[in-house]
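Visitor: File name structure-v6.txt; file contents compact mmCIF, C-alpha atoms and all ligand atoms; full text below.
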```
# COMPACT_ATOMS: atom_id res chain seq x y z
CA MET A 28 135.11 69.56 76.42
CA ASP A 29 134.74 69.58 80.20
CA ILE A 30 132.35 72.24 81.47
CA PRO A 31 133.86 74.14 84.41
CA VAL A 32 132.06 73.79 87.74
CA LEU A 33 130.59 77.17 88.63
CA HIS A 34 128.52 76.09 91.62
CA ARG A 35 129.34 73.07 93.79
CA LEU A 36 125.99 71.91 95.16
CA SER A 37 126.92 68.25 95.54
CA LEU A 38 128.23 67.81 99.07
CA ASN A 39 125.78 69.70 101.29
CA GLU A 40 128.44 72.23 102.21
CA SER A 41 127.83 75.72 103.56
CA PRO A 42 127.99 78.42 100.88
CA TYR A 43 129.80 80.69 103.36
CA PRO A 44 133.54 80.85 104.07
CA PRO A 45 134.62 81.13 107.73
CA LEU A 46 133.76 84.39 109.51
CA PRO A 47 136.61 86.93 109.91
CA SER A 48 136.76 86.22 113.65
CA VAL A 49 137.09 82.48 112.94
CA ARG A 50 139.79 83.10 110.34
CA GLU A 51 141.74 85.24 112.80
CA ALA A 52 141.57 82.52 115.43
CA MET A 53 142.82 80.00 112.87
CA GLN A 54 145.70 82.26 111.88
CA ARG A 55 146.76 82.60 115.52
CA ALA A 56 146.73 78.81 115.80
CA VAL A 57 148.71 78.43 112.55
CA ALA A 58 151.46 80.57 114.10
CA GLN A 59 151.79 77.87 116.78
CA ALA A 60 151.76 74.96 114.35
CA HIS A 61 155.14 73.64 115.54
CA ARG A 62 153.40 72.62 118.81
CA TYR A 63 151.34 69.47 119.26
CA PRO A 64 147.67 69.77 120.06
CA GLN A 65 146.38 68.17 123.27
CA PHE A 66 147.04 64.42 123.56
CA ARG A 67 143.28 64.00 124.11
CA PRO A 68 141.03 66.86 123.01
CA ASP A 69 139.91 67.61 126.58
CA GLU A 70 139.63 71.38 126.28
CA LEU A 71 137.53 71.22 123.12
CA THR A 72 135.40 68.48 124.64
CA GLU A 73 134.70 70.64 127.68
CA ARG A 74 133.79 73.64 125.53
CA ILE A 75 131.38 71.59 123.44
CA ALA A 76 129.88 69.97 126.56
CA ALA A 77 129.28 73.36 128.21
CA TRP A 78 127.69 74.64 125.01
CA CYS A 79 125.44 71.56 124.78
CA ARG A 80 124.73 71.78 128.54
CA VAL A 81 125.78 68.19 129.22
CA PRO A 82 128.58 66.86 131.46
CA SER A 83 131.87 66.54 129.54
CA ASP A 84 132.08 62.78 130.13
CA ARG A 85 129.06 62.51 127.81
CA VAL A 86 130.85 64.04 124.83
CA ALA A 87 133.23 62.35 122.37
CA VAL A 88 134.98 64.48 119.76
CA GLY A 89 136.33 63.06 116.50
CA SER A 90 137.64 63.74 113.03
CA GLY A 91 134.35 64.91 111.59
CA SER A 92 131.20 63.12 112.60
CA VAL A 93 132.33 60.25 110.34
CA GLY A 94 135.37 59.92 112.60
CA VAL A 95 133.14 59.63 115.67
CA ALA A 96 130.94 57.09 113.86
CA LEU A 97 133.99 54.99 113.00
CA GLN A 98 135.14 55.14 116.61
CA LEU A 99 131.69 53.93 117.67
CA PHE A 100 131.69 51.06 115.19
CA ARG A 101 135.18 50.03 116.26
CA ALA A 102 134.11 50.16 119.89
CA VAL A 103 131.02 47.99 119.63
CA VAL A 104 131.27 45.78 116.53
CA ARG A 105 132.84 42.34 116.40
CA PRO A 106 133.50 40.58 113.09
CA GLY A 107 130.27 39.23 111.63
CA ASP A 108 128.02 41.64 113.51
CA THR A 109 125.59 43.71 111.49
CA VAL A 110 124.93 47.43 111.12
CA VAL A 111 121.40 48.31 109.99
CA TYR A 112 120.49 51.54 108.19
CA ALA A 113 117.93 52.85 105.73
CA TRP A 114 119.04 52.98 102.12
CA ARG A 115 119.49 55.23 100.20
CA THR A 116 121.43 57.31 102.66
CA PHE A 117 124.80 58.90 103.44
CA ASP A 118 127.40 56.79 101.59
CA ALA A 119 129.78 56.61 104.53
CA TYR A 120 127.72 54.26 106.75
CA PRO A 121 128.39 51.07 104.74
CA LEU A 122 132.04 52.05 104.32
CA LEU A 123 132.52 52.66 108.03
CA ALA A 124 130.66 49.48 108.93
CA ALA A 125 132.92 47.49 106.60
CA MET A 126 136.04 49.17 108.06
CA ALA A 127 134.98 47.88 111.47
CA GLY A 128 134.35 44.37 110.12
CA ALA A 129 130.55 44.59 110.25
CA ARG A 130 128.10 43.33 107.66
CA PRO A 131 125.98 46.21 106.37
CA VAL A 132 122.19 45.61 106.30
CA PRO A 133 120.45 48.22 104.12
CA VAL A 134 116.68 48.59 104.58
CA PRO A 135 114.76 50.33 101.75
CA LEU A 136 113.28 53.76 102.36
CA SER A 137 109.51 54.02 102.16
CA PRO A 138 108.30 55.23 98.73
CA ASP A 139 107.91 58.81 100.04
CA GLY A 140 111.58 58.97 101.06
CA HIS A 141 111.16 58.36 104.79
CA GLN A 142 113.19 55.95 106.86
CA ASP A 143 110.86 53.02 107.47
CA LEU A 144 111.09 52.69 111.24
CA GLY A 145 109.03 49.47 111.37
CA ALA A 146 111.22 47.81 108.74
CA LEU A 147 114.38 48.97 110.52
CA LEU A 148 113.13 47.45 113.79
CA ALA A 149 112.23 44.23 111.99
CA ALA A 150 115.80 43.99 110.62
CA LEU A 151 117.37 43.98 114.10
CA ASP A 152 118.47 40.61 115.47
CA HIS A 153 121.01 39.16 117.90
CA ARG A 154 123.90 40.00 115.49
CA THR A 155 122.93 43.67 115.15
CA ARG A 156 125.25 46.04 117.00
CA VAL A 157 124.26 49.39 115.51
CA VAL A 158 121.18 50.84 113.85
CA VAL A 159 121.67 54.18 112.13
CA LEU A 160 118.96 56.83 111.90
CA CYS A 161 119.79 59.92 109.91
CA ASN A 162 117.66 62.85 111.05
CA PRO A 163 117.06 64.95 108.98
CA HIS A 164 117.71 62.32 106.39
CA ASN A 165 120.35 62.51 103.69
CA PRO A 166 119.50 62.63 100.79
CA THR A 167 115.72 63.11 101.01
CA GLY A 168 115.65 65.68 103.82
CA SER A 169 112.77 63.82 105.51
CA LEU A 170 112.37 64.06 109.28
CA VAL A 171 111.56 61.58 112.03
CA ALA A 172 109.39 63.59 114.43
CA ALA A 173 109.70 63.51 118.22
CA ASP A 174 106.96 60.96 119.00
CA ALA A 175 108.04 58.52 116.30
CA LEU A 176 111.64 58.73 117.46
CA SER A 177 110.71 58.11 121.10
CA ALA A 178 108.60 55.11 120.13
CA PHE A 179 111.44 53.77 117.98
CA LEU A 180 114.01 54.15 120.76
CA ARG A 181 111.73 52.33 123.21
CA GLN A 182 111.60 49.32 120.87
CA VAL A 183 115.31 49.00 120.07
CA PRO A 184 116.86 46.25 122.20
CA ARG A 185 119.59 47.42 124.58
CA HIS A 186 122.32 45.36 122.85
CA VAL A 187 121.87 47.58 119.76
CA THR A 188 123.40 51.07 119.76
CA VAL A 189 121.31 53.71 118.00
CA LEU A 190 123.52 56.06 115.99
CA LEU A 191 121.30 59.10 115.54
CA ASP A 192 123.06 61.22 112.93
CA GLU A 193 121.96 64.84 113.35
CA ALA A 194 124.46 66.36 110.92
CA TYR A 195 121.69 68.64 109.56
CA ILE A 196 119.62 69.26 112.67
CA GLU A 197 120.33 73.01 112.74
CA PHE A 198 118.45 73.38 109.43
CA ALA A 199 115.28 71.70 110.71
CA ARG A 200 112.48 74.07 111.67
CA ASP A 201 109.66 71.64 112.42
CA THR A 202 107.60 72.29 115.54
CA ASP A 203 107.78 68.59 116.32
CA LEU A 204 111.58 68.28 116.47
CA PRO A 205 113.00 65.73 118.89
CA ASP A 206 114.99 67.17 121.79
CA THR A 207 117.58 64.43 121.58
CA PRO A 208 119.98 65.35 124.42
CA SER A 209 117.00 64.96 126.78
CA LEU A 210 116.60 61.36 125.57
CA LEU A 211 120.09 60.32 126.61
CA ASP A 212 119.21 59.46 130.22
CA ALA A 213 116.43 57.10 129.20
CA HIS A 214 118.50 55.45 126.44
CA PRO A 215 122.08 54.53 127.38
CA ASN A 216 122.36 52.86 123.96
CA LEU A 217 121.85 56.17 122.09
CA LEU A 218 124.63 58.20 120.45
CA VAL A 219 123.59 61.57 119.04
CA LEU A 220 126.02 62.55 116.30
CA ARG A 221 126.62 66.22 115.39
CA THR A 222 129.11 68.12 113.27
CA PHE A 223 130.73 71.49 112.68
CA SER A 224 130.90 70.72 108.94
CA LYS A 225 127.42 71.82 107.88
CA ALA A 226 125.68 74.66 109.76
CA TYR A 227 129.00 75.91 111.15
CA GLY A 228 130.71 75.77 107.77
CA LEU A 229 133.95 74.09 108.85
CA ALA A 230 133.86 70.99 106.63
CA ALA A 231 137.55 71.13 105.75
CA LEU A 232 138.58 71.13 109.40
CA ARG A 233 136.98 67.79 110.34
CA ILE A 234 135.40 68.22 113.75
CA GLY A 235 132.35 66.28 114.83
CA TYR A 236 131.08 65.07 118.19
CA GLY A 237 128.80 62.53 119.76
CA LEU A 238 126.61 62.82 122.84
CA GLY A 239 125.85 59.65 124.75
CA SER A 240 125.93 57.81 128.05
CA VAL A 241 129.12 57.92 130.12
CA ASP A 242 129.79 54.25 129.40
CA LEU A 243 129.26 54.47 125.63
CA VAL A 244 131.25 57.72 125.34
CA GLY A 245 134.10 56.15 127.34
CA ARG A 246 134.25 53.24 124.89
CA ILE A 247 134.20 55.60 121.89
CA ARG A 248 136.93 57.78 123.38
CA ARG A 249 139.21 54.75 123.72
CA GLN A 250 139.25 54.62 119.90
CA GLN A 251 140.42 58.24 119.65
CA LEU A 252 143.76 58.70 117.87
CA PRO A 253 146.31 60.38 120.21
CA PHE A 254 146.93 64.00 119.12
CA GLY A 255 144.17 63.33 116.57
CA ILE A 256 142.28 66.65 116.73
CA ASN A 257 144.29 69.43 115.18
CA ALA A 258 144.86 72.76 116.85
CA VAL A 259 143.75 74.98 113.95
CA ALA A 260 140.42 73.18 113.80
CA THR A 261 140.06 73.45 117.57
CA ALA A 262 140.66 77.21 117.41
CA ALA A 263 138.09 77.55 114.62
CA VAL A 264 135.44 75.65 116.57
CA LYS A 265 136.03 77.68 119.73
CA ALA A 266 135.77 80.93 117.75
CA SER A 267 132.63 79.66 116.00
CA LEU A 268 130.97 78.93 119.32
CA GLN A 269 131.65 82.53 120.31
CA ALA A 270 130.12 83.73 117.04
CA GLU A 271 127.09 81.51 117.31
CA SER A 272 124.46 84.19 116.77
CA GLU A 273 126.15 85.36 113.56
CA LEU A 274 126.38 81.79 112.32
CA ARG A 275 122.74 81.15 113.15
CA LEU A 276 121.76 84.05 110.89
CA ARG A 277 123.61 82.31 108.08
CA VAL A 278 121.69 79.12 108.77
CA ASP A 279 118.43 81.11 108.73
CA THR A 280 119.40 82.46 105.30
CA VAL A 281 120.07 78.93 104.00
CA VAL A 282 116.69 77.81 105.37
CA ALA A 283 114.96 80.78 103.70
CA GLU A 284 116.73 79.96 100.41
CA ARG A 285 115.69 76.29 100.75
CA GLU A 286 112.07 77.35 101.07
CA ARG A 287 112.38 79.78 98.15
CA LEU A 288 113.98 77.07 95.99
CA ARG A 289 111.28 74.62 96.91
CA GLY A 290 108.45 77.09 96.27
CA GLU A 291 109.83 78.10 92.87
CA LEU A 292 110.45 74.51 91.83
CA VAL A 293 106.90 73.57 92.82
CA SER A 294 105.56 76.42 90.74
CA LEU A 295 107.65 75.14 87.82
CA GLY A 296 105.82 71.82 88.13
CA TRP A 297 108.29 69.74 90.14
CA ARG A 298 107.07 67.71 93.07
CA VAL A 299 109.36 68.67 95.92
CA PRO A 300 108.89 67.14 99.38
CA HIS A 301 109.34 69.33 102.44
CA GLY A 302 113.01 69.03 103.31
CA HIS A 303 114.61 69.69 106.68
CA ALA A 304 118.31 69.72 105.72
CA ASN A 305 120.37 72.20 103.65
CA SER A 306 119.24 70.48 100.46
CA VAL A 307 116.29 69.86 98.17
CA TRP A 308 115.34 66.40 96.89
CA LEU A 309 113.86 65.74 93.46
CA ALA A 310 112.68 62.26 92.52
CA PRO A 311 110.93 60.42 89.67
CA PRO A 312 108.50 60.60 88.00
CA ASP A 313 109.90 64.11 87.63
CA PRO A 314 112.71 64.08 85.06
CA VAL A 315 115.67 63.92 87.41
CA ASP A 316 118.15 62.48 84.90
CA GLU A 317 117.41 65.24 82.39
CA GLY A 318 117.61 67.76 85.23
CA ALA A 319 121.04 66.45 86.25
CA ALA A 320 122.30 66.66 82.68
CA ALA A 321 120.99 70.21 82.24
CA LEU A 322 122.54 71.33 85.53
CA ALA A 323 125.89 69.75 84.65
CA GLY A 324 125.71 71.63 81.33
CA ALA A 325 125.16 74.86 83.24
CA GLY A 326 128.19 74.21 85.45
CA VAL A 327 126.17 73.19 88.50
CA GLN A 328 127.50 70.12 90.27
CA VAL A 329 124.77 68.24 92.15
CA ARG A 330 124.37 64.78 93.65
CA HIS A 331 122.69 62.62 91.04
CA TYR A 332 121.47 59.10 91.70
CA PRO A 333 120.55 57.97 88.17
CA GLY A 334 116.92 56.96 87.90
CA GLU A 335 116.47 57.57 91.60
CA GLY A 336 116.83 61.20 92.48
CA LEU A 337 118.70 64.44 92.57
CA ARG A 338 119.95 66.15 95.69
CA LEU A 339 120.59 69.86 95.34
CA THR A 340 122.51 71.52 98.13
CA VAL A 341 121.07 74.94 98.91
CA GLY A 342 123.73 77.37 97.74
CA ASP A 343 123.95 81.13 97.75
CA ARG A 344 121.26 83.11 95.95
CA ASN A 345 123.20 83.24 92.71
CA ALA A 346 123.75 79.47 92.65
CA ASN A 347 120.10 78.81 93.48
CA ASP A 348 118.98 81.19 90.74
CA THR A 349 121.15 79.28 88.26
CA VAL A 350 119.46 76.05 89.36
CA LEU A 351 116.01 77.58 88.89
CA THR A 352 116.77 79.07 85.49
CA THR A 353 118.29 75.81 84.29
CA LEU A 354 115.45 73.59 85.47
CA ALA A 355 112.85 76.05 84.17
CA GLY A 356 114.36 75.58 80.72
CA LEU A 357 113.72 71.84 80.69
CA PRO A 358 111.20 71.08 77.98
CA THR A 359 110.01 67.93 79.72
CA HIS A 360 109.37 69.08 83.22
CA ARG A 361 105.67 69.99 83.03
CA ALA A 362 104.66 66.93 81.06
CA ALA A 363 106.50 64.59 83.40
CA SER A 364 105.17 66.20 86.55
CA ARG A 365 101.57 65.76 85.37
CA ALA A 366 102.13 62.05 84.63
C1 LIG B 1 124.16 62.51 107.18
C2 LIG B 1 125.58 62.94 107.21
N1 LIG B 1 126.31 62.69 108.30
C3 LIG B 1 127.59 63.07 108.38
C4 LIG B 1 128.20 63.72 107.32
C5 LIG B 1 129.65 64.04 107.39
O1 LIG B 1 129.92 64.95 108.32
P1 LIG B 1 131.40 65.24 108.82
O2 LIG B 1 131.96 66.23 107.90
O3 LIG B 1 131.16 65.75 110.20
O4 LIG B 1 132.18 63.96 108.85
C6 LIG B 1 127.49 64.00 106.18
C7 LIG B 1 128.14 64.71 105.06
O5 LIG B 1 127.64 64.88 103.99
C8 LIG B 1 126.15 63.59 106.12
O6 LIG B 1 125.42 63.82 105.03
```
Would you mind writing the structure in this file as structure tokens?
Ligand SMILES: Cc1ncc(COP(=O)(O)O)c(C=O)c1O

Guide:
Amino acid sequence: MDIPVLHRLSLNESPYPPLPSVREAMQRAVAQAHRYPQFRPDELTERIAAWCRVPSDRVAVGSGSVGVALQLFRAVVRPGDTVVYAWRTFDAYPLLAAMAGARPVPVPLSPDGHQDLGALLAALDHRTRVVVLCNPHNPTGSLVAADALSAFLRQVPRHVTVLLDEAYIEFARDTDLPDTPSLLDAHPNLLVLRTFSKAYGLAALRIGYGLGSVDLVGRIRRQQLPFGINAVATAAVKASLQAESELRLRVDTVVAERERLRGELVSLGWRVPHGHANSVWLAPPDPVDEGAAALAGAGVQVRHYPGEGLRLTVGDRNANDTVLTTLAGLPTHRAASRA
């Protein structure tokens, strides 16, 4: 018999539904749904640019950040070119690379779950068009700190675009966080990718954006589908920007829950690395496969990479408590964590 899913902690979504003010803005837009949205999403682009304090010709909006990434790949890749990224990572990169005709080049993570910047640099050659850095990293939550990122960017040849995926940056609290928009002037081959799907809780509405040089953004925008950004989503993003302080409090709560989850799991005997996204990463030799099975049995859907790891999205307090109770009941966890 299938066990019903009580808590979906598998897709790094926000546990919160849209704020009332955001819902109202969406309803007003729904009432106008017989009208097309803008041919190009100029108004939304300008709003996002003003909010990011960059000129609007440095912002490209797309259908989720995956949409912007696909536009980038289509803009710069020719058949046979390569796209380099650390693996394991977000599943979409190899798919998007293949959609653009590129050959994916996965580079193993270091044993502690960090993107191996030296190995990524060593994998770049004359066929490489894009190197992806995911910061904070999905699924391990590891972070590339400011100095390491600057050094990396200095060593990437100019013919390679750096796709710096910051889908989870709002959840990072490190003192050594890179200030990526300030790096754009020095690195015209850098695209900083952001999204309204995670911290802003609008995953269903598919709005992401990229910040980059005028030239790179112009090329990405040429891949934008006409009328491609829908009006309800645009209204929701604009209302969310107006409610930013309220949304930031929600992010703070997720961060506090992440730290609580981590602390409790550590005291149960699990080895849990410091994570900087809205998730917690468990890896062998801790019993991740048994953990995944127990969580599935308790109706908690998580992202399980058999033999490799378990990514738990930070949910609401009730969901996180269910995770803790379930993993605490595992007979094997203490023995395995002492191995
Ligand atoms: C690293 C990373 N980037 C991007 C995305 C997708 O974001 P969007 O909804 O903006 O396409 C995800 C979603 O899980 C992700 O993990």

Visitor: Quick one: pull the distance between atom CA of Gly326 of chain A and atom CA of Gly168 of chain A, Å, one decimal.

Guide: 23.8 Å

Visitor: Axis-aligned box over every listed atom of ligand LIG 1 (chain B), padded by 5 Å per side: centre and edges in Å to one decimal, as JSON?

Guide:
```
{"center_x": 128.2, "center_y": 64.4, "center_z": 107.1, "size_x": 18.0, "size_y": 13.7, "size_z": 16.2}
```

Visitor: Can I get the residues close to ligand LIG 1 (chain B) as a PyMOL selection string, where close means within 9 Å and we count all atoms listed in the file?

Guide: chain A and resi 38-40+89-96+116-120+161-166+192-195+220-225+229-236

Visitor: Which of these residues is nearest to Val111 of chain A, using all atoms listed in the file: A:Asp139, A:Glu317, A:Asp152, A:Asp84?

Guide: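 For Val111 of chain A, the nearest of the candidates is A:Asp152.
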
Visitor: What does the distance between atom CA of Ala56 of chain A and atom CA of Thr261 of chain A come to in Å, to one decimal place?

Guide: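 Those two atoms sit 8.7 Å apart.
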
Visitor: Can you work out which one of A:Leu204, A:Val307, A:Leu288, A:Leu218 has the shortest atom-to-atom distance to Asp348 of chain A, counting only C-alpha atoms?

Guide: A:Leu288

Visitor: One decimal, in Å: what's the spacing between atom CA of Val32 of chain A and atom CA of Val327 of chain A?

Guide: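 Value for the atom CA of Val32 of chain A-atom CA of Val327 of chain A distance: 6.0 Å.
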
Visitor: Nearest to Leu276 of chain A: which of A:Tyr43, A:Phe179, A:Tyr63, A:Phe100 is it, counting all atoms listed in the file?

Guide: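 Closest residue, counting all atoms listed in the file: A:Tyr43.
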
Visitor: Can you tell me which residues surround Gly145 of chain A at a distance of at most 10 Å, considering only C-alpha atoms, apart from same-chain residues fewer than 4 positions away, and format the answer as JSON, numbers by chain?

Guide: {"A": [149, 150, 179, 182]}

Visitor: Could you write those residues out with C-alpha atoms, as a PDB file, keeping the file's coordinate frame?

Guide:
```
ATOM      1  CA  ALA A 149     112.230  44.230 111.990  1.00  0.00           C
ATOM      2  CA  ALA A 150     115.800  43.990 110.620  1.00  0.00           C
ATOM      3  CA  PHE A 179     111.440  53.770 117.980  1.00  0.00           C
ATOM      4  CA  GLN A 182     111.600  49.320 120.870  1.00  0.00           C
TER       5      GLN A 182
END
```

Visitor: From the options A:His331, A:Arg55, A:His186, A:Arg289, which residue's atoms come nearest to Leu243 of chain A, counting all atoms listed in the file?

Guide: A:His186

Visitor: Can you tell me, as JSON, numbers by chain, what residues are no more than 8 Å from Thr188 of chain A when counting only C-alpha atoms, ignoring any on the same chain fewer than 3 positions away?

Guide: {"A": [156, 157, 158, 185, 216, 217, 218]}

Visitor: Report as a ChimeraX atom specification all protein, DNA and RNA residues lying within 12 Å of Leu211 of chain A, evaluated on all atoms listed in the file, omitting residues in the same chain fewer than 2 positions from it.

Guide: /A:81-82,85-86,177,180,188-191,205-209,213-219,237-244

Visitor: Determine the nearest neighbour of Ser267 of chain A from the options A:Gly140, A:Pro106, A:Val350, A:Ala226, counting only C-alpha atoms.

Guide: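 Going through A:Gly140, A:Pro106, A:Val350, A:Ala226 one by one, the smallest distance to Ser267 of chain A is for A:Ala226.
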
Visitor: Which one of A:Val281, A:Val293, A:Leu176, A:Leu354 sits closest to Asp316 of chain A if you count all atoms listed in the file?

Guide: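 Among the listed residues, A:Leu354 lies closest to Asp316 of chain A.
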
Visitor: Can you pull out the residues contacting Leu46 of chain A? Cut-off 9 Å, using only C-alpha atoms, and skip same-chain residues under 5 positions away; I want them as a ChimeraX atom specification.

Guide: /A:51,267,270,273-274

Visitor: Take the point (135.6, 86.5, 112.2) as written in the file and pick out every residue within 12 Å of it, counting all atoms listed in the file; give the list as a PDB file with C-alpha atoms, keeping the file's coordinate frame.

Guide:
```pdb
ATOM      1  CA  PRO A  44     133.540  80.850 104.070  1.00  0.00           C
ATOM      2  CA  PRO A  45     134.620  81.130 107.730  1.00  0.00           C
ATOM      3  CA  LEU A  46     133.760  84.390 109.510  1.00  0.00           C
ATOM      4  CA  PRO A  47     136.610  86.930 109.910  1.00  0.00           C
ATOM      5  CA  SER A  48     136.760  86.220 113.650  1.00  0.00           C
ATOM      6  CA  VAL A  49     137.090  82.480 112.940  1.00  0.00           C
ATOM      7  CA  ARG A  50     139.790  83.100 110.340  1.00  0.00           C
ATOM      8  CA  GLU A  51     141.740  85.240 112.800  1.00  0.00           C
ATOM      9  CA  ALA A  52     141.570  82.520 115.430  1.00  0.00           C
ATOM     10  CA  MET A  53     142.820  80.000 112.870  1.00  0.00           C
ATOM     11  CA  GLN A  54     145.700  82.260 111.880  1.00  0.00           C
ATOM     12  CA  ALA A 262     140.660  77.210 117.410  1.00  0.00           C
ATOM     13  CA  ALA A 263     138.090  77.550 114.620  1.00  0.00           C
ATOM     14  CA  VAL A 264     135.440  75.650 116.570  1.00  0.00           C
ATOM     15  CA  LYS A 265     136.030  77.680 119.730  1.00  0.00           C
ATOM     16  CA  ALA A 266     135.770  80.930 117.750  1.00  0.00           C
ATOM     17  CA  SER A 267     132.630  79.660 116.000  1.00  0.00           C
ATOM     18  CA  LEU A 268     130.970  78.930 119.320  1.00  0.00           C
ATOM     19  CA  GLN A 269     131.650  82.530 120.310  1.00  0.00           C
ATOM     20  CA  ALA A 270     130.120  83.730 117.040  1.00  0.00           C
ATOM     21  CA  GLU A 271     127.090  81.510 117.310  1.00  0.00           C
ATOM     22  CA  GLU A 273     126.150  85.360 113.560  1.00  0.00           C
ATOM     23  CA  LEU A 274     126.380  81.790 112.320  1.00  0.00           C
TER      24      LEU A 274
END
```

Visitor: Step by step: start from the point (128.1, 76.6, 96.9) in the file's coordinates, keep every protein, DNA or RNA residue that has an atom no farther than 9 Å from it, count only C-alpha atoms, and write the set as a PyMOL selection string.

Guide: chain A and resi 33-37+39-43+340-343+346-347

Visitor: How about completing segment 319-332 of chain A with N, CA and C atoms and giving it to me as an mmCIF file, keeping the file's coordinate frame?

Guide:
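File written: out_8.cif
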```
data_model
loop_
_atom_site.group_PDB
_atom_site.id
_atom_site.type_symbol
_atom_site.label_atom_id
_atom_site.label_comp_id
_atom_site.auth_asym_id
_atom_site.auth_seq_id
_atom_site.Cartn_x
_atom_site.Cartn_y
_atom_site.Cartn_z
ATOM 1 N N ALA A 319 119.612 66.554 85.908
ATOM 2 C CA ALA A 319 121.040 66.450 86.250
ATOM 3 C C ALA A 319 121.902 66.827 85.057
ATOM 4 N N ALA A 320 121.508 66.360 83.878
ATOM 5 C CA ALA A 320 122.300 66.660 82.680
ATOM 6 C C ALA A 320 122.276 68.165 82.387
ATOM 7 N N ALA A 321 121.094 68.769 82.513
ATOM 8 C CA ALA A 321 120.990 70.210 82.240
ATOM 9 C C ALA A 321 121.828 71.000 83.243
ATOM 10 N N LEU A 322 121.777 70.602 84.508
ATOM 11 C CA LEU A 322 122.540 71.330 85.530
ATOM 12 C C LEU A 322 124.040 71.177 85.290
ATOM 13 N N ALA A 323 124.457 69.958 84.936
ATOM 14 C CA ALA A 323 125.890 69.750 84.650
ATOM 15 C C ALA A 323 126.297 70.661 83.485
ATOM 16 N N GLY A 324 125.427 70.771 82.488
ATOM 17 C CA GLY A 324 125.710 71.630 81.330
ATOM 18 C C GLY A 324 125.812 73.097 81.710
ATOM 19 N N ALA A 325 125.115 73.460 82.793
ATOM 20 C CA ALA A 325 125.160 74.860 83.240
ATOM 21 C C ALA A 325 126.260 75.078 84.284
ATOM 22 N N GLY A 326 127.086 74.074 84.499
ATOM 23 C CA GLY A 326 128.190 74.210 85.450
ATOM 24 C C GLY A 326 127.771 74.059 86.899
ATOM 25 N N VAL A 327 126.618 73.393 87.116
ATOM 26 C CA VAL A 327 126.170 73.190 88.500
ATOM 27 C C VAL A 327 126.378 71.712 88.858
ATOM 28 N N GLN A 328 127.236 71.491 89.845
ATOM 29 C CA GLN A 328 127.500 70.120 90.270
ATOM 30 C C GLN A 328 126.512 69.740 91.373
ATOM 31 N N VAL A 329 125.757 68.674 91.144
ATOM 32 C CA VAL A 329 124.770 68.240 92.150
ATOM 33 C C VAL A 329 124.989 66.764 92.410
ATOM 34 N N ARG A 330 124.260 66.222 93.380
ATOM 35 C CA ARG A 330 124.370 64.780 93.650
ATOM 36 C C ARG A 330 123.251 64.082 92.890
ATOM 37 N N HIS A 331 123.653 63.274 91.917
ATOM 38 C CA HIS A 331 122.690 62.620 91.040
ATOM 39 C C HIS A 331 122.735 61.125 91.274
ATOM 40 N N TYR A 332 121.598 60.554 91.593
ATOM 41 C CA TYR A 332 121.470 59.100 91.700
ATOM 42 C C TYR A 332 120.642 58.686 90.489
#
```
